[in-house]
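Here is the structure we will look at.
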Amino acid sequence: LLDNPDLQHLNLSFNSLSDMHAEFLPMHELLTLDFQHSKLKNFGAYPIFLYLRKLFYLDISYTGTQFLVDGIFCGLERLQVLRVAGNTFRGKSLLHCFQNLTELILLDVSDCDLEHVHPDRKST
């Protein structure tokens with residue numbers, strides 16, 4: 001299944017996945033990826049989406065993810081919808097987590113225990 005390089009839509013929601021690595025996602029044609037309510041281990045500490053340049057929809061809601069690094073979404077320049085509800089951001093990871101997502105039109109950060117969000121002072 002995951003060796004299919006032409007796969008465009010992948011729904012792995014409501015599963016228990018052990019480890020997530022960049023090698024796990026060699027599907028360069030993938031457009032949508034859904035992990036919602038899956039138990040993801042070792043996710044959020046390093047970018048695994050570097051090779052998914054065509055992805056426009058990503059749902060990792062309620063996966064127990066703790067975002068630890070700034071560049072977790074590197075490589076997702078075409079992403080339009082990002083759902084990260086029910087996860088947490090540690091340290092200052094929220095400040096730069098979404099900076100490369102210039103095509104984003106929907107961002108769901110509900111139920112993420114955010115206490116405050118600082119606007120980007122460079123934009124008007």
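Convention: chains lettered A, B, ... in structure tokens order; per-chain residue numbering from 1; ligands numbered from 1 as shown.
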**OP:** Considering only C-alpha atoms, return as a PyMOL selection string whatever protein or nucleic-acid residues lie within 10 Å of Pro26 of chain A, sequence-local ones (same chain, fewer than 5 positions apart) excluded.
**Re:** chain A and resi 2-7+21+49-52
Any chance you could export the current selection's all heavy atoms as an mmCIF file, in the first residue's frame?
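The new file part.cif reads:
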data_model
loop_
_atom_site.group_PDB
_atom_site.id
_atom_site.type_symbol
_atom_site.label_atom_id
_atom_site.label_comp_id
_atom_site.auth_asym_id
_atom_site.auth_seq_id
_atom_site.Cartn_x
_atom_site.Cartn_y
_atom_site.Cartn_z
ATOM 1 N N LEU A 2 1.787 1.368 0.944
ATOM 2 C CA LEU A 2 2.575 2.582 1.068
ATOM 3 C C LEU A 2 3.711 2.650 0.059
ATOM 4 O O LEU A 2 4.413 3.647 -0.012
ATOM 5 C CB LEU A 2 3.107 2.717 2.490
ATOM 6 C CG LEU A 2 2.012 2.813 3.551
ATOM 7 C CD1 LEU A 2 2.625 2.931 4.928
ATOM 8 C CD2 LEU A 2 1.077 3.975 3.289
ATOM 9 N N ASP A 3 3.891 1.596 -0.739
ATOM 10 C CA ASP A 3 4.898 1.611 -1.787
ATOM 11 C C ASP A 3 4.348 2.153 -3.102
ATOM 12 O O ASP A 3 5.057 2.228 -4.083
ATOM 13 C CB ASP A 3 5.439 0.191 -2.023
ATOM 14 C CG ASP A 3 6.308 -0.269 -0.880
ATOM 15 O OD1 ASP A 3 6.836 0.597 -0.154
ATOM 16 O OD2 ASP A 3 6.458 -1.482 -0.701
ATOM 17 N N ASN A 4 3.072 2.523 -3.115
ATOM 18 C CA ASN A 4 2.432 3.018 -4.318
ATOM 19 C C ASN A 4 2.775 4.502 -4.509
ATOM 20 O O ASN A 4 2.214 5.362 -3.831
ATOM 21 C CB ASN A 4 0.922 2.836 -4.215
ATOM 22 C CG ASN A 4 0.205 3.264 -5.464
ATOM 23 O OD1 ASN A 4 0.776 3.925 -6.331
ATOM 24 N ND2 ASN A 4 -1.058 2.894 -5.562
ATOM 25 N N PRO A 5 3.675 4.829 -5.429
ATOM 26 C CA PRO A 5 4.091 6.223 -5.601
ATOM 27 C C PRO A 5 3.006 7.111 -6.211
ATOM 28 O O PRO A 5 3.112 8.330 -6.164
ATOM 29 C CB PRO A 5 5.292 6.117 -6.534
ATOM 30 C CG PRO A 5 5.072 4.856 -7.280
ATOM 31 C CD PRO A 5 4.356 3.928 -6.341
ATOM 32 N N ASP A 6 1.939 6.513 -6.777
ATOM 33 C CA ASP A 6 0.881 7.292 -7.408
ATOM 34 C C ASP A 6 -0.308 7.561 -6.486
ATOM 35 O O ASP A 6 -1.272 8.210 -6.902
ATOM 36 C CB ASP A 6 0.391 6.574 -8.665
ATOM 37 C CG ASP A 6 1.481 6.460 -9.711
ATOM 38 O OD1 ASP A 6 2.288 7.407 -9.827
ATOM 39 O OD2 ASP A 6 1.543 5.428 -10.397
ATOM 40 N N LEU A 7 -0.239 7.104 -5.250
ATOM 41 C CA LEU A 7 -1.320 7.299 -4.293
ATOM 42 C C LEU A 7 -1.554 8.786 -4.059
ATOM 43 O O LEU A 7 -0.606 9.545 -3.846
ATOM 44 C CB LEU A 7 -0.966 6.610 -2.969
ATOM 45 C CG LEU A 7 -2.082 6.472 -1.951
ATOM 46 C CD1 LEU A 7 -3.189 5.566 -2.490
ATOM 47 C CD2 LEU A 7 -1.525 5.898 -0.658
ATOM 48 N N HIS A 21 8.316 8.303 10.199
ATOM 49 C CA HIS A 21 9.583 8.749 9.631
ATOM 50 C C HIS A 21 9.343 9.235 8.214
ATOM 51 O O HIS A 21 8.355 8.870 7.586
ATOM 52 C CB HIS A 21 10.602 7.603 9.591
ATOM 53 C CG HIS A 21 10.898 7.026 10.925
ATOM 54 N ND1 HIS A 21 11.680 7.660 11.845
ATOM 55 C CD2 HIS A 21 10.488 5.874 11.504
ATOM 56 C CE1 HIS A 21 11.763 6.912 12.937
ATOM 57 N NE2 HIS A 21 11.049 5.836 12.750
ATOM 58 N N PHE A 49 7.441 15.631 6.545
ATOM 59 C CA PHE A 49 6.660 15.927 5.348
ATOM 60 C C PHE A 49 7.494 16.505 4.207
ATOM 61 O O PHE A 49 6.944 17.001 3.235
ATOM 62 C CB PHE A 49 5.533 16.902 5.688
ATOM 63 C CG PHE A 49 4.631 16.417 6.776
ATOM 64 C CD1 PHE A 49 4.594 17.065 7.997
ATOM 65 C CD2 PHE A 49 3.835 15.309 6.592
ATOM 66 C CE1 PHE A 49 3.754 16.627 9.007
ATOM 67 C CE2 PHE A 49 2.993 14.855 7.589
ATOM 68 C CZ PHE A 49 2.959 15.517 8.800
ATOM 69 N N LEU A 50 8.784 16.430 4.293
ATOM 70 C CA LEU A 50 9.663 17.074 3.315
ATOM 71 C C LEU A 50 9.404 16.647 1.877
ATOM 72 O O LEU A 50 9.625 17.418 0.958
ATOM 73 C CB LEU A 50 11.119 16.792 3.667
ATOM 74 C CG LEU A 50 11.613 17.430 4.959
ATOM 75 C CD1 LEU A 50 13.006 16.920 5.299
ATOM 76 C CD2 LEU A 50 11.608 18.931 4.841
ATOM 77 N N TYR A 51 8.932 15.428 1.673
ATOM 78 C CA TYR A 51 8.763 14.894 0.320
ATOM 79 C C TYR A 51 7.324 14.969 -0.175
ATOM 80 O O TYR A 51 7.024 14.495 -1.258
ATOM 81 C CB TYR A 51 9.254 13.452 0.271
ATOM 82 C CG TYR A 51 10.673 13.332 0.774
ATOM 83 C CD1 TYR A 51 10.950 12.690 1.969
ATOM 84 C CD2 TYR A 51 11.725 13.906 0.065
ATOM 85 C CE1 TYR A 51 12.253 12.601 2.437
ATOM 86 C CE2 TYR A 51 13.021 13.828 0.533
ATOM 87 C CZ TYR A 51 13.278 13.169 1.721
ATOM 88 O OH TYR A 51 14.561 13.102 2.188
ATOM 89 N N LEU A 52 6.444 15.566 0.596
ATOM 90 C CA LEU A 52 5.027 15.638 0.220
ATOM 91 C C LEU A 52 4.687 17.034 -0.302
ATOM 92 O O LEU A 52 3.796 17.701 0.184
ATOM 93 C CB LEU A 52 4.151 15.283 1.421
ATOM 94 C CG LEU A 52 4.377 13.898 2.002
ATOM 95 C CD1 LEU A 52 3.468 13.658 3.191
ATOM 96 C CD2 LEU A 52 4.169 12.823 0.952
#
Subject >> Polymer residues at most 6 Å from Thr63 of chain A, only C-alpha atoms, same-chain spacing of 5 or more positions, as a list in words >> reply: His37, Ser38, Lys39 and Leu40 of chain A
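The protein and nucleic acid residues lying at most 12 Å from Asp34 of chain A are Gln8, His9, Leu10, Asn11, Leu12, Ser13, Phe14, Asn15, Leu30, Leu31, His37, Ser38, Leu55, Phe56, Tyr57, Leu58, Asp59, Ile60, Ser61, Tyr62, Thr63, Val81, Leu82, Arg83 and Val84 of chain A, with only C-alpha atoms considered and sequence neighbours fewer than 3 positions away removed.
One distance worth recording is that between atom CA of Leu114 of chain A and atom CA of Phe73 of chain A, which is 18.9 Å.
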**OP:** Go through A:Gln36, A:Asn100, A:Ser110, A:Ser16 and flag the residue nearest Gly71 of chain A, using only C-alpha atoms for the distances.
**Re:** A:Asn100
**OP:** Kindly give the distance, in Å, that separates atom CA of Gly64 of chain A and atom CA of Glu29 of chain A, rounded to a single decimal.
**Re:** 26.7 Å
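Pairwise distance (atom CA of His28 of chain A, atom CA of Glu103 of chain A) equals 18.5 Å.
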